[in-house]
$ cat upload.cif   # mmCIF, C-alpha atoms
data_input
loop_
_atom_site.label_atom_id
_atom_site.label_comp_id
_atom_site.auth_asym_id
_atom_site.auth_seq_id
_atom_site.Cartn_x
_atom_site.Cartn_y
_atom_site.Cartn_z
CA MET A 1 92.93 79.80 129.98
CA VAL A 2 91.88 80.44 126.40
CA LYS A 3 93.41 78.23 123.74
CA PHE A 4 94.80 79.64 120.51
CA GLY A 5 94.26 77.86 117.23
CA ILE A 6 95.49 78.64 113.75
CA GLU A 7 94.06 77.78 110.35
CA PHE A 8 95.96 77.15 107.14
CA VAL A 9 94.60 76.73 103.64
CA PRO A 10 96.86 74.17 101.91
CA LYS A 11 97.01 76.09 98.66
CA ASP A 12 100.81 76.19 98.55
CA VAL A 13 103.39 73.38 98.41
CA TYR A 14 103.27 71.12 101.47
CA TRP A 15 106.60 72.14 102.96
CA ARG A 16 105.52 75.77 103.34
CA THR A 17 102.36 74.82 105.26
CA VAL A 18 104.41 72.45 107.43
CA TYR A 19 106.96 75.22 108.05
CA TYR A 20 104.19 77.50 109.37
CA ALA A 21 102.76 74.63 111.43
CA ILE A 22 106.12 74.07 113.15
CA GLN A 23 106.37 77.83 113.72
CA ALA A 24 102.87 77.84 115.27
CA GLU A 25 103.71 74.96 117.60
CA LYS A 26 106.98 76.57 118.70
CA GLY A 27 105.04 79.80 119.34
CA GLY A 28 102.56 78.20 121.70
CA PHE A 29 99.47 77.64 119.57
CA ASP A 30 97.32 74.82 120.95
CA ASN A 31 95.32 73.80 117.88
CA LEU A 32 95.87 73.75 114.16
CA TRP A 33 93.17 73.47 111.51
CA ILE A 34 93.58 72.65 107.83
CA THR A 35 90.77 73.47 105.41
CA ASP A 36 89.36 70.79 103.14
CA HIS A 37 88.60 71.89 99.58
CA PHE A 38 89.18 69.61 96.61
CA ILE A 39 90.86 72.46 94.72
CA ASN A 40 93.71 72.55 97.27
CA ARG A 41 96.22 70.01 98.57
CA SER A 42 94.69 67.09 100.47
CA VAL A 43 93.84 67.88 104.06
CA TYR A 44 94.89 64.41 105.25
CA VAL A 45 98.25 64.40 103.47
CA THR A 46 98.95 67.85 104.89
CA LEU A 47 97.90 66.86 108.42
CA THR A 48 99.94 63.65 108.30
CA LEU A 49 103.06 65.61 107.42
CA ILE A 50 102.34 68.20 110.09
CA LEU A 51 101.95 65.47 112.73
CA ASN A 52 105.29 64.02 111.68
CA TYR A 53 107.09 67.33 112.17
CA THR A 54 105.38 68.44 115.41
CA GLU A 55 105.19 67.01 118.93
CA ARG A 56 102.32 68.61 120.80
CA ILE A 57 99.85 70.66 118.77
CA ILE A 58 96.34 69.24 118.29
CA VAL A 59 95.35 69.07 114.62
CA GLY A 60 92.08 68.72 112.78
CA THR A 61 90.13 69.18 109.60
CA GLY A 62 88.78 72.69 109.52
CA VAL A 63 86.35 71.63 108.17
CA THR A 64 85.52 68.62 106.04
CA ASN A 65 81.97 68.09 104.79
CA PRO A 66 79.74 65.04 104.40
CA PHE A 67 78.54 65.89 100.89
CA LEU A 68 81.79 65.53 98.97
CA ILE A 69 83.43 63.10 101.39
CA ASN A 70 81.24 60.31 102.71
CA PRO A 71 81.34 60.20 106.54
CA LEU A 72 82.54 56.58 106.43
CA ALA A 73 85.61 57.71 104.50
CA THR A 74 86.07 60.58 106.95
CA ALA A 75 85.94 58.14 109.88
CA SER A 76 88.63 56.00 108.27
CA ASN A 77 90.80 59.02 107.39
CA ILE A 78 90.55 60.53 110.86
CA ALA A 79 91.16 57.20 112.59
CA SER A 80 94.23 56.57 110.40
CA LEU A 81 95.52 60.05 111.15
CA ASN A 82 95.08 59.36 114.85
CA GLU A 83 97.45 56.41 114.53
CA VAL A 84 100.20 58.81 113.45
CA ALA A 85 99.84 60.79 116.69
CA PRO A 86 97.30 59.27 119.07
CA GLY A 87 95.29 61.84 120.99
CA ARG A 88 96.40 64.77 118.85
CA VAL A 89 93.66 64.54 116.25
CA VAL A 90 90.17 66.01 116.13
CA CYS A 91 87.58 66.02 113.37
CA GLY A 92 86.01 69.27 112.21
CA ILE A 93 82.95 68.84 110.01
CA GLY A 94 80.45 71.30 108.58
CA ALA A 95 78.01 71.78 105.75
CA GLY A 96 80.82 72.82 103.40
CA ASP A 97 81.58 75.77 101.19
CA PRO A 98 78.61 76.23 98.82
CA THR A 99 80.77 77.70 96.03
CA THR A 100 83.20 74.78 95.93
CA LEU A 101 80.42 72.22 96.23
CA GLU A 102 78.50 73.91 93.42
CA GLN A 103 81.63 73.76 91.24
CA ALA A 104 81.82 70.05 91.96
CA GLY A 105 78.17 69.58 91.05
CA VAL A 106 77.40 68.33 94.53
CA GLN A 107 73.97 69.14 95.91
CA VAL A 108 73.75 70.26 99.51
CA THR A 109 70.51 68.76 100.82
CA LYS A 110 69.25 68.73 104.39
CA PRO A 111 72.50 70.07 105.89
CA LEU A 112 71.31 69.69 109.49
CA SER A 113 70.34 66.06 109.02
CA ALA A 114 73.53 65.42 107.07
CA ILE A 115 75.74 66.76 109.87
CA ARG A 116 73.77 64.99 112.60
CA GLU A 117 73.99 61.68 110.75
CA ALA A 118 77.64 62.20 109.81
CA VAL A 119 78.59 62.77 113.45
CA GLN A 120 76.65 59.65 114.41
CA MET A 121 78.34 57.59 111.68
CA ILE A 122 81.86 58.83 112.43
CA ASN A 123 81.41 58.26 116.17
CA ALA A 124 80.02 54.76 115.60
CA LEU A 125 83.04 53.76 113.54
CA ILE A 126 85.66 55.43 115.73
CA LYS A 127 84.21 53.91 118.90
CA GLY A 128 84.28 50.48 117.27
CA GLU A 129 80.51 50.00 117.44
CA GLY A 130 80.03 50.05 113.68
CA LEU A 131 76.75 50.56 111.82
CA GLN A 132 74.11 48.05 110.86
CA ASN A 133 71.14 48.96 108.63
CA PHE A 134 71.58 52.65 109.36
CA GLU A 135 68.65 54.54 107.85
CA GLY A 136 69.18 58.28 107.99
CA LYS A 137 67.43 61.00 106.05
CA VAL A 138 70.57 61.62 104.01
CA PHE A 139 72.78 58.55 104.52
CA LYS A 140 71.93 54.90 104.43
CA VAL A 141 74.48 52.27 105.44
CA LYS A 142 73.96 48.52 105.28
CA SER A 143 76.93 47.48 107.32
CA ALA A 144 80.14 49.32 108.21
CA LYS A 145 82.90 48.84 110.73
CA LEU A 146 86.56 49.82 110.79
CA ALA A 147 88.92 46.86 110.48
CA PHE A 148 91.23 48.41 113.08
CA LYS A 149 90.86 49.74 116.61
CA VAL A 150 90.95 53.39 117.60
CA ARG A 151 92.57 53.49 121.02
CA ASN A 152 91.48 56.93 122.19
CA PRO A 153 88.47 59.22 121.79
CA ILE A 154 88.52 61.59 118.82
CA PRO A 155 86.52 64.78 119.48
CA ILE A 156 84.20 66.00 116.73
CA TYR A 157 83.84 69.74 116.17
CA ILE A 158 80.96 71.15 114.16
CA GLY A 159 81.57 74.11 111.88
CA ALA A 160 78.54 76.37 112.20
CA GLN A 161 77.20 79.78 111.25
CA GLY A 162 73.40 79.56 111.10
CA ALA A 163 71.19 79.39 114.20
CA LYS A 164 70.05 75.78 113.71
CA MET A 165 73.55 74.46 113.07
CA LEU A 166 74.89 76.31 116.12
CA LYS A 167 72.20 74.72 118.28
CA LEU A 168 72.98 71.31 116.80
CA ALA A 169 76.66 71.83 117.65
CA GLY A 170 75.65 72.52 121.25
CA GLU A 171 73.53 69.39 121.23
CA ILE A 172 75.97 66.86 119.77
CA GLY A 173 79.42 68.41 119.21
CA ASP A 174 82.51 68.00 121.34
CA GLY A 175 83.37 71.42 120.00
CA VAL A 176 81.99 74.10 117.74
CA LEU A 177 83.86 76.15 115.18
CA ILE A 178 81.89 79.40 114.99
CA ASN A 179 82.40 80.82 111.55
CA ALA A 180 82.40 84.53 112.45
CA SER A 181 84.80 87.32 113.32
CA ASN A 182 82.64 90.09 114.71
CA PRO A 183 82.26 90.12 118.52
CA ALA A 184 78.49 90.73 118.36
CA ASP A 185 77.97 87.82 115.92
CA ILE A 186 80.09 85.55 118.08
CA LYS A 187 78.21 86.50 121.24
CA GLU A 188 74.92 85.69 119.52
CA ALA A 189 76.36 82.39 118.24
CA VAL A 190 77.60 81.29 121.66
CA GLU A 191 74.11 81.87 123.09
CA LEU A 192 72.68 79.57 120.41
CA VAL A 193 75.26 76.89 121.20
CA LYS A 194 74.29 77.21 124.87
CA GLU A 195 70.61 76.80 123.95
CA GLY A 196 71.38 73.62 122.05
CA ALA A 197 73.50 72.24 124.87
CA SER A 198 70.91 73.11 127.48
CA ALA A 199 68.09 71.47 125.48
CA ALA A 200 70.17 68.30 125.34
CA GLY A 201 71.01 68.49 129.04
CA ARG A 202 74.71 69.03 128.34
CA SER A 203 77.12 71.19 130.25
CA MET A 204 79.02 73.85 128.28
CA ASP A 205 82.16 72.68 130.12
CA LYS A 206 82.14 69.69 127.76
CA ILE A 207 82.13 71.86 124.62
CA ASP A 208 85.17 73.65 123.20
CA VAL A 209 83.73 76.87 121.77
CA ALA A 210 86.04 78.17 119.06
CA ALA A 211 85.75 81.52 117.32
CA TYR A 212 87.00 80.71 113.82
CA THR A 213 87.90 84.14 112.49
CA ALA A 214 89.16 85.66 109.26
CA PHE A 215 92.23 87.27 110.80
CA SER A 216 94.84 89.72 109.58
CA ILE A 217 97.58 91.33 111.65
CA HIS A 218 100.31 93.82 110.77
CA GLU A 219 102.19 96.56 112.60
CA ASN A 220 100.60 98.92 110.10
CA GLU A 221 96.78 98.90 110.34
CA GLU A 222 96.27 99.81 106.67
CA LYS A 223 98.38 96.83 105.61
CA ALA A 224 96.39 94.53 107.90
CA PHE A 225 93.18 95.82 106.30
CA LYS A 226 94.54 95.37 102.78
CA ALA A 227 95.57 91.77 103.49
CA ALA A 228 92.06 91.04 104.76
CA MET A 229 90.32 92.49 101.67
CA PRO A 230 90.38 89.38 99.42
CA VAL A 231 88.96 87.10 102.12
CA VAL A 232 86.33 89.68 103.06
CA ALA A 233 85.34 90.06 99.39
CA PHE A 234 84.55 86.35 99.18
CA ILE A 235 82.63 86.41 102.47
CA VAL A 236 80.56 89.43 101.37
CA ALA A 237 79.84 87.82 98.01
CA GLY A 238 78.56 84.66 99.70
CA ALA A 239 76.56 86.35 102.45
CA PRO A 240 72.77 86.42 102.18
CA ASP A 241 71.09 89.87 102.09
CA PRO A 242 69.74 89.69 105.67
CA VAL A 243 73.26 89.11 106.97
CA LEU A 244 74.59 92.07 104.97
CA GLU A 245 71.71 94.28 106.14
CA LYS A 246 72.31 93.27 109.74
CA HIS A 247 75.81 94.70 109.39
CA HIS A 248 74.56 97.83 107.57
CA ILE A 249 76.36 96.87 104.40
CA ASN A 250 75.15 98.45 101.20
CA LEU A 251 73.57 95.70 99.09
CA GLU A 252 74.56 97.39 95.83
CA ALA A 253 78.20 97.53 96.93
CA ALA A 254 78.03 93.87 97.87
CA LYS A 255 76.50 93.00 94.49
CA LYS A 256 79.32 94.84 92.74
CA ILE A 257 81.83 92.64 94.55
CA LYS A 258 79.93 89.47 93.74
CA ASP A 259 79.60 90.36 90.07
CA ALA A 260 83.30 91.15 89.82
CA LEU A 261 84.23 87.83 91.49
CA VAL A 262 81.96 85.88 89.15
CA LYS A 263 83.71 87.52 86.18
CA GLY A 264 87.09 86.73 87.72
CA ASP A 265 87.85 90.43 88.04
CA PHE A 266 89.60 90.15 91.40
CA PRO A 267 91.21 93.62 91.52
CA THR A 268 87.77 95.29 91.18
CA ALA A 269 86.21 92.94 93.73
CA PHE A 270 88.96 93.30 96.31
CA SER A 271 89.29 97.07 95.99
CA ALA A 272 85.53 97.47 96.56
CA VAL A 273 85.83 96.07 100.10
CA THR A 274 85.07 98.80 102.64
CA ARG A 275 86.08 99.19 106.26
CA GLU A 276 82.48 98.39 107.31
CA MET A 277 82.67 95.10 105.44
CA ALA A 278 86.05 94.24 106.95
CA ASP A 279 84.82 95.13 110.46
CA ALA A 280 81.79 92.91 109.99
CA PHE A 281 83.52 89.86 108.57
CA SER A 282 87.13 89.86 109.73
CA LEU A 283 89.35 90.71 112.65
CA TYR A 284 92.21 92.88 111.47
CA GLY A 285 94.59 95.49 112.79
CA THR A 286 97.77 96.15 114.71
CA PRO A 287 98.66 93.81 117.59
CA ALA A 288 97.08 96.26 120.08
CA GLN A 289 93.88 96.47 118.02
CA CYS A 290 93.73 92.69 117.64
CA ILE A 291 94.18 92.23 121.40
CA GLU A 292 91.28 94.61 122.05
CA LYS A 293 88.99 92.81 119.58
CA ILE A 294 89.97 89.34 120.84
CA SER A 295 89.27 90.47 124.42
CA GLN A 296 85.73 91.37 123.39
CA ILE A 297 85.26 88.00 121.71
CA LEU A 298 86.51 86.08 124.74
CA LYS A 299 83.92 87.77 126.95
CA ALA A 300 81.24 85.90 124.98
CA GLY A 301 82.41 82.58 126.44
CA VAL A 302 84.80 81.48 123.72
CA THR A 303 87.34 78.85 124.82
CA GLN A 304 89.47 78.77 121.67
CA PHE A 305 90.39 81.71 119.45
CA VAL A 306 91.30 80.65 115.92
CA VAL A 307 93.59 82.84 113.86
CA GLY A 308 92.18 82.08 110.44
CA SER A 309 93.17 82.89 106.91
CA PRO A 310 94.65 85.22 105.66
CA ILE A 311 96.62 85.74 108.97
CA GLY A 312 98.64 88.53 107.32
CA SER A 313 100.33 89.70 104.14
CA ASN A 314 103.48 87.85 105.18
CA VAL A 315 102.34 84.73 107.02
CA ARG A 316 105.64 84.08 108.83
CA LYS A 317 105.84 87.62 110.16
CA ALA A 318 102.14 87.64 111.06
CA ILE A 319 102.49 84.41 113.08
CA ASP A 320 105.51 85.94 114.78
CA LEU A 321 103.46 89.00 115.77
CA VAL A 322 100.67 86.85 117.21
CA VAL A 323 103.20 84.73 119.10
CA LYS A 324 105.22 87.62 120.50
CA GLU A 325 102.54 90.24 121.10
CA VAL A 326 99.06 88.75 121.17
CA ILE A 327 99.21 85.31 122.85
CA PRO A 328 101.34 86.50 125.83
CA HIS A 329 98.68 89.11 126.61
CA PHE A 330 96.17 86.33 127.35
CA ARG A 331 98.48 83.99 129.30
CA MET B 1 126.57 73.47 93.64
CA SER B 2 127.95 70.46 95.49
CA SER B 3 127.56 70.07 99.24
CA VAL B 4 131.37 70.04 99.64
CA ASP B 5 131.60 73.46 97.97
CA LEU B 6 128.73 74.86 100.05
CA SER B 7 130.12 73.57 103.33
CA GLU B 8 133.29 75.56 102.63
CA VAL B 9 131.17 78.64 101.89
CA VAL B 10 129.10 78.20 105.04
CA ALA B 11 132.25 78.14 107.15
CA LYS B 12 132.85 81.74 106.07
CA ILE B 13 129.53 82.94 107.54
CA PRO B 14 130.17 84.35 111.02
CA ARG B 15 127.97 83.08 113.87
CA SER B 16 126.87 86.65 114.59
CA SER B 17 125.26 86.96 111.13
CA ARG B 18 123.47 83.64 111.11
CA SER B 19 120.29 84.45 112.99
CA SER B 20 119.29 87.32 110.75
CA LEU B 21 120.59 85.66 107.57
CA SER B 22 118.68 82.44 108.23
CA THR B 23 115.47 84.45 108.66
CA GLN B 24 116.09 86.29 105.39
CA LEU B 25 116.79 83.05 103.55
CA VAL B 26 113.65 81.48 105.01
CA ASP B 27 111.66 84.44 103.68
CA ILE B 28 113.13 83.87 100.23
CA LEU B 29 112.11 80.21 100.45
CA LEU B 30 108.60 80.96 101.67
CA ASN B 31 107.89 83.69 99.14
CA ALA B 32 109.69 82.56 95.97
CA LYS B 33 107.61 81.49 93.02
CA GLY B 34 107.76 77.83 92.03
CA GLY B 35 108.03 76.29 95.47
CA ASP B 36 107.33 72.92 93.87
CA LYS B 37 110.77 73.09 92.23
CA LEU B 38 112.43 72.37 95.58
CA SER B 39 113.58 68.76 95.70
CA SER B 40 111.78 66.50 98.13
CA SER B 41 114.99 65.63 100.00
CA LEU B 42 115.94 69.29 100.43
CA ALA B 43 112.41 70.18 101.60
CA LYS B 44 112.52 67.37 104.16
CA SER B 45 115.97 68.38 105.43
CA PHE B 46 114.80 72.00 105.71
CA LEU B 47 111.73 71.03 107.78
CA TYR B 48 113.69 68.62 109.98
CA LEU B 49 116.37 71.20 110.79
CA TRP B 50 113.73 73.89 111.39
CA GLN B 51 111.86 71.60 113.76
CA LYS B 52 115.09 70.89 115.67
CA ASP B 53 116.13 74.58 115.76
CA ARG B 54 119.26 73.81 113.77
CA LEU B 55 118.92 76.18 110.81
CA GLU B 56 121.70 78.41 112.14
CA GLU B 57 124.16 75.53 112.46
CA ASP B 58 126.52 74.66 109.58
CA GLU B 59 124.22 71.94 108.28
CA GLY B 60 121.18 74.21 108.53
CA MET B 61 122.86 77.13 106.77
CA GLU B 62 124.02 74.78 104.03
CA VAL B 63 120.50 73.45 103.46
CA LEU B 64 119.03 76.96 103.57
CA LEU B 65 121.54 78.29 101.04
CA LYS B 66 121.10 75.30 98.75
CA ALA B 67 117.31 75.61 98.88
CA ALA B 68 117.24 79.38 98.47
CA LEU B 69 119.65 79.19 95.53
CA ALA B 70 117.48 76.54 93.92
CA LEU B 71 114.35 78.70 94.15
CA ASP B 72 115.71 82.21 93.63
CA ALA B 73 119.46 82.48 93.08
CA ASP B 74 119.40 86.23 92.33
CA ALA B 75 117.53 87.11 95.51
CA THR B 76 119.82 84.84 97.55
CA LEU B 77 123.02 86.42 96.25
CA LYS B 78 121.54 89.91 96.72
CA GLN B 79 120.63 89.04 100.31
CA LEU B 80 124.14 87.80 101.03
CA ARG B 81 125.61 91.07 99.76
CA GLU B 82 123.11 93.12 101.79
CA SER B 83 124.13 91.11 104.84
CA ASN B 84 127.75 92.20 104.30
CA LEU B 85 128.64 88.72 103.08
CA SER B 86 129.88 89.71 99.62
CA GLU B 87 132.78 87.29 99.91
CA VAL B 88 130.34 84.45 100.43
CA ALA B 89 128.23 85.63 97.48
CA GLU B 90 131.31 85.81 95.23
CA SER B 91 132.43 82.30 96.27
CA ILE B 92 129.02 80.93 95.38
CA GLN B 93 128.97 82.75 92.06
CA LYS B 94 132.44 81.51 91.14
CA THR B 95 131.50 77.93 91.93
CA GLN B 96 128.32 78.27 89.91
CA GLN B 97 130.27 79.64 86.94
CA LYS B 98 132.77 76.73 87.11
CA ARG B 99 129.91 74.28 86.74
#
$ encode --input "upload.cif" --output "structure tokens"
Amino acid sequence: MVKFGIEFVPKDVYWRTVYYAIQAEKGGFDNLWITDHFINRSVYVTLTLILNYTERIIVGTGVTNPFLINPLATASNIASLNEVAPGRVVCGIGAGDPTTLEQAGVQVTKPLSAIREAVQMINALIKGEGLQNFEGKVFKVKSAKLAFKVRNPIPIYIGAQGAKMLKLAGEIGDGVLINASNPADIKEAVELVKEGASAAGRSMDKIDVAAYTAFSIHENEEKAFKAAMPVVAFIVAGAPDPVLEKHHINLEAAKKIKDALVKGDFPTAFSAVTREMADAFSLYGTPAQCIEKISQILKAGVTQFVVGSPIGSNVRKAIDLVVKEVIPHFR
Amino acid sequence: MSSVDLSEVVAKIPRSSRSSLSTQLVDILLNAKGGDKLSSSLAKSFLYLWQKDRLEEDEGMEVLLKAALALDADATLKQLRESNLSEVAESIQKTQQKR
């Protein structure tokens, strides 16, 4: 049976995010992901509070990155979080959001090596093995070990979009968070994860394959589309030309959005988002339309469907729609 | 508004109105500007009672009203009137004026 996950961006006061988390757990979601950007509330503070107000849902970083947060610190944070609710914590890690990292003046170098080494480092600390004279291409560690025991395994999910990162996720990840919303893109991504797993001699049964979508639901399709527009604008602005061309998106129109975002002219940027762009980079619509699109995605071999930001124009009502009309269709 | 005053007000809210009213008050809380103005103790009580499915009980309604009034008093009073609870709205307004 497919699992349902939900993502929240902790950009609002903590108690609102925790309210939605409780709502998601009551509604039958299996997993909950909190994004990690330094401009927002701390992912670990948010997750700690969520664990304290929930009983069952599995929570994780969605995703942290090894460039701004050293993997040793991530290992300690994740292990500490696991003490709050043993067995209900996973670690999502990816190359990070280039825009936020650029703002922070952090250089993203050798992302594949960085993720491979970060997973190795986090696993070594969580499993109690520690690191001695670790010499990676990106990270070097003289000696590191947690001063406390982690009593259960903590799965590591790799956030991935590009072909090489998807293969790496198949090779070393306990799960993969596929950063895409379009069924064709997700199908292609799952094949790459399978290639990576197969090359490493791993069975796909061991890998939780999550479609991490930009999702928007409303009883009125136009309103679902409108709620998706801001998120789609940012995705279009950050997408390389080949990706835009693959989805038959006019490069000039995309440039107009990017230029408007750079100037901080959000109304112009958001209103320039077309249906083609939204179809390519988000999953939006009425409950019936969302069910149809999710069904297509699940055929690709996805084991977890993540309802990602923006979720809807009114988050509480949107979660309610997913809980009452979408999830029951798949269970 | 003191908790004693609000508990008297809450007693006037019929059980049959509580499900829909609690949802409307939650929407005020979730969508009001300045969410950081809510006191830490009220936020914690709100989350605890939500987790335990007790927002429609007397204690839950009291916390919801207190929190909604703190974040957006006008919208809260308007909602009470729209929910045919004008008497409750007037009681709250009178108590607020006394203070």
$ interface_residues --input "upload.cif" --of "chain A" --to "chain B" --cutoff "7 Å" --atoms "all atoms listed in the file" --output "MDAnalysis selection string"
chainID A and resid 13 15:16 19 22 53
$ residues_around --input "upload.cif" --residues "Lys206 in chain A" --least-positions-apart "3" --cutoff "12 Å" --atoms "all atoms listed in the file" --output "VMD selection string"
chain A and resid 155 to 157 169 to 176 193 to 194 197 to 198 201 to 203 209 303
$ residues_near_point --input "upload.cif" --point "(90.8, 96.4, 99.1)" --cutoff "8 Å" --atoms "only C-alpha atoms" --output "MDAnalysis selection string"
chainID A and resid 225:230 269:274
$ atom_distance --input "upload.cif" --atom1 "CA of Pro98 in chain A" --atom2 "CA of His248 in chain A"
23.7 Å
$ atom_distance --input "upload.cif" --atom1 "CA of Val10 in chain B" --atom2 "CA of Val88 in chain B"
7.9 Å
$ resolve_selection --input "upload.cif" --expression "the PyMOL selection byres ((chain A and resi 279-296) around 8)" --output "PyMOL selection string"
chain A and resi 180-183+213-222+224-225+228+232+235-236+247+275-278+297-300+305+321-322+325-326+329
$ resolve_selection --input "upload.cif" --expression "the PyMOL selection byres ((chain A and resi 72) around 10)" --output "list in words"
Pro66, Ile69, Asn70, Pro71, Ala73, Thr74, Ala75, Ser76, Asn77, Ile78, Ala118, Met121, Ile122, Asn123, Ala124, Leu125, Ile126, Leu131, Val141, Ala144, Lys145 and Leu146 of chain A
$ atom_distance --input "upload.cif" --atom1 "CA of Pro10 in chain A" --atom2 "CA of Leu81 in chain A"
16.9 Å
$ resolve_selection --input "upload.cif" --expression "the PyMOL selection byres ((chain B and resi 93) around 12)" --output "list in words"
Met1, Asp5, Leu6, Val9, Leu69, Ala73, Asp74, Thr76, Leu77, Lys78, Leu80, Arg81, Ser86, Glu87, Val88, Ala89, Glu90, Ser91, Ile92, Lys94, Thr95, Gln96, Gln97, Lys98 and Arg99 of chain B
$ closest_residue --input "upload.cif" --among "A:Thr35, A:Thr46, A:Thr268, A:Gln161" --to "Ile178 in chain A" --atoms "only C-alpha atoms"
A:Gln161
$ residues_near_point --input "upload.cif" --point "(93.7, 82.4, 113.2)" --cutoff "8 Å" --atoms "all atoms listed in the file" --output "VMD selection string"
chain A and resid 4 to 7 212 to 215 305 to 309 311
$ residues_around --input "upload.cif" --residues "Ser19 in chain B" --least-positions-apart "5" --cutoff "9 Å" --atoms "only C-alpha atoms" --output "MDAnalysis selection string"
chainID B and resid 24 55:56
$ residues_around --input "upload.cif" --residues "Leu21 in chain B" --least-positions-apart "6" --cutoff "10 Å" --atoms "only C-alpha atoms" --output "VMD selection string"
chain B and resid 13 27 56 61 64 to 65 79 to 80 82 to 83 85
$ closest_residue --input "upload.cif" --among "A:Pro111, A:Thr64, A:Asn314, A:Glu245" --to "Ile28 in chain B" --atoms "all atoms listed in the file"
A:Asn314
$ build_atoms --input "upload.cif" --residues "range 49-66 of chain B" --atoms "N, CA and C atoms" --output "PDB file, keeping the file's coordinate frame"
ATOM      1  N   LEU B  49     115.434  70.294 110.086  1.00  0.00           N
ATOM      2  CA  LEU B  49     116.370  71.200 110.790  1.00  0.00           C
ATOM      3  C   LEU B  49     115.631  72.372 111.430  1.00  0.00           C
ATOM      4  N   TRP B  50     114.555  72.825 110.809  1.00  0.00           N
ATOM      5  CA  TRP B  50     113.730  73.890 111.390  1.00  0.00           C
ATOM      6  C   TRP B  50     113.067  73.375 112.668  1.00  0.00           C
ATOM      7  N   GLN B  51     112.521  72.165 112.586  1.00  0.00           N
ATOM      8  CA  GLN B  51     111.860  71.600 113.760  1.00  0.00           C
ATOM      9  C   GLN B  51     112.850  71.482 114.925  1.00  0.00           C
ATOM     10  N   LYS B  52     114.087  71.118 114.618  1.00  0.00           N
ATOM     11  CA  LYS B  52     115.090  70.890 115.670  1.00  0.00           C
ATOM     12  C   LYS B  52     115.874  72.165 116.021  1.00  0.00           C
ATOM     13  N   ASP B  53     115.443  73.298 115.501  1.00  0.00           N
ATOM     14  CA  ASP B  53     116.130  74.580 115.760  1.00  0.00           C
ATOM     15  C   ASP B  53     117.599  74.548 115.350  1.00  0.00           C
ATOM     16  N   ARG B  54     117.859  73.948 114.192  1.00  0.00           N
ATOM     17  CA  ARG B  54     119.260  73.810 113.770  1.00  0.00           C
ATOM     18  C   ARG B  54     119.574  74.545 112.471  1.00  0.00           C
ATOM     19  N   LEU B  55     118.685  75.483 112.096  1.00  0.00           N
ATOM     20  CA  LEU B  55     118.920  76.180 110.810  1.00  0.00           C
ATOM     21  C   LEU B  55     120.140  77.095 110.865  1.00  0.00           C
ATOM     22  N   GLU B  56     120.543  77.509 112.052  1.00  0.00           N
ATOM     23  CA  GLU B  56     121.700  78.410 112.140  1.00  0.00           C
ATOM     24  C   GLU B  56     123.021  77.658 112.265  1.00  0.00           C
ATOM     25  N   GLU B  57     122.930  76.332 112.403  1.00  0.00           N
ATOM     26  CA  GLU B  57     124.160  75.530 112.460  1.00  0.00           C
ATOM     27  C   GLU B  57     124.707  75.354 111.032  1.00  0.00           C
ATOM     28  N   ASP B  58     125.913  74.818 110.919  1.00  0.00           N
ATOM     29  CA  ASP B  58     126.520  74.660 109.580  1.00  0.00           C
ATOM     30  C   ASP B  58     125.593  73.886 108.635  1.00  0.00           C
ATOM     31  N   GLU B  59     125.071  72.770 109.136  1.00  0.00           N
ATOM     32  CA  GLU B  59     124.220  71.940 108.280  1.00  0.00           C
ATOM     33  C   GLU B  59     122.957  72.712 107.862  1.00  0.00           C
ATOM     34  N   GLY B  60     122.397  73.438 108.806  1.00  0.00           N
ATOM     35  CA  GLY B  60     121.180  74.210 108.530  1.00  0.00           C
ATOM     36  C   GLY B  60     121.429  75.314 107.524  1.00  0.00           C
ATOM     37  N   MET B  61     122.546  76.050 107.698  1.00  0.00           N
ATOM     38  CA  MET B  61     122.860  77.130 106.770  1.00  0.00           C
ATOM     39  C   MET B  61     123.109  76.572 105.367  1.00  0.00           C
ATOM     40  N   GLU B  62     123.730  75.398 105.329  1.00  0.00           N
ATOM     41  CA  GLU B  62     124.020  74.780 104.030  1.00  0.00           C
ATOM     42  C   GLU B  62     122.702  74.421 103.301  1.00  0.00           C
ATOM     43  N   VAL B  63     121.792  73.836 104.056  1.00  0.00           N
ATOM     44  CA  VAL B  63     120.500  73.450 103.460  1.00  0.00           C
ATOM     45  C   VAL B  63     119.724  74.707 103.040  1.00  0.00           C
ATOM     46  N   LEU B  64     119.753  75.717 103.900  1.00  0.00           N
ATOM     47  CA  LEU B  64     119.030  76.960 103.570  1.00  0.00           C
ATOM     48  C   LEU B  64     119.589  77.597 102.304  1.00  0.00           C
ATOM     49  N   LEU B  65     120.929  77.677 102.229  1.00  0.00           N
ATOM     50  CA  LEU B  65     121.540  78.290 101.040  1.00  0.00           C
ATOM     51  C   LEU B  65     121.224  77.476  99.787  1.00  0.00           C
ATOM     52  N   LYS B  66     121.361  76.165  99.911  1.00  0.00           N
ATOM     53  CA  LYS B  66     121.100  75.300  98.750  1.00  0.00           C
ATOM     54  C   LYS B  66     119.651  75.467  98.273  1.00  0.00           C
TER      55      LYS B  66
END
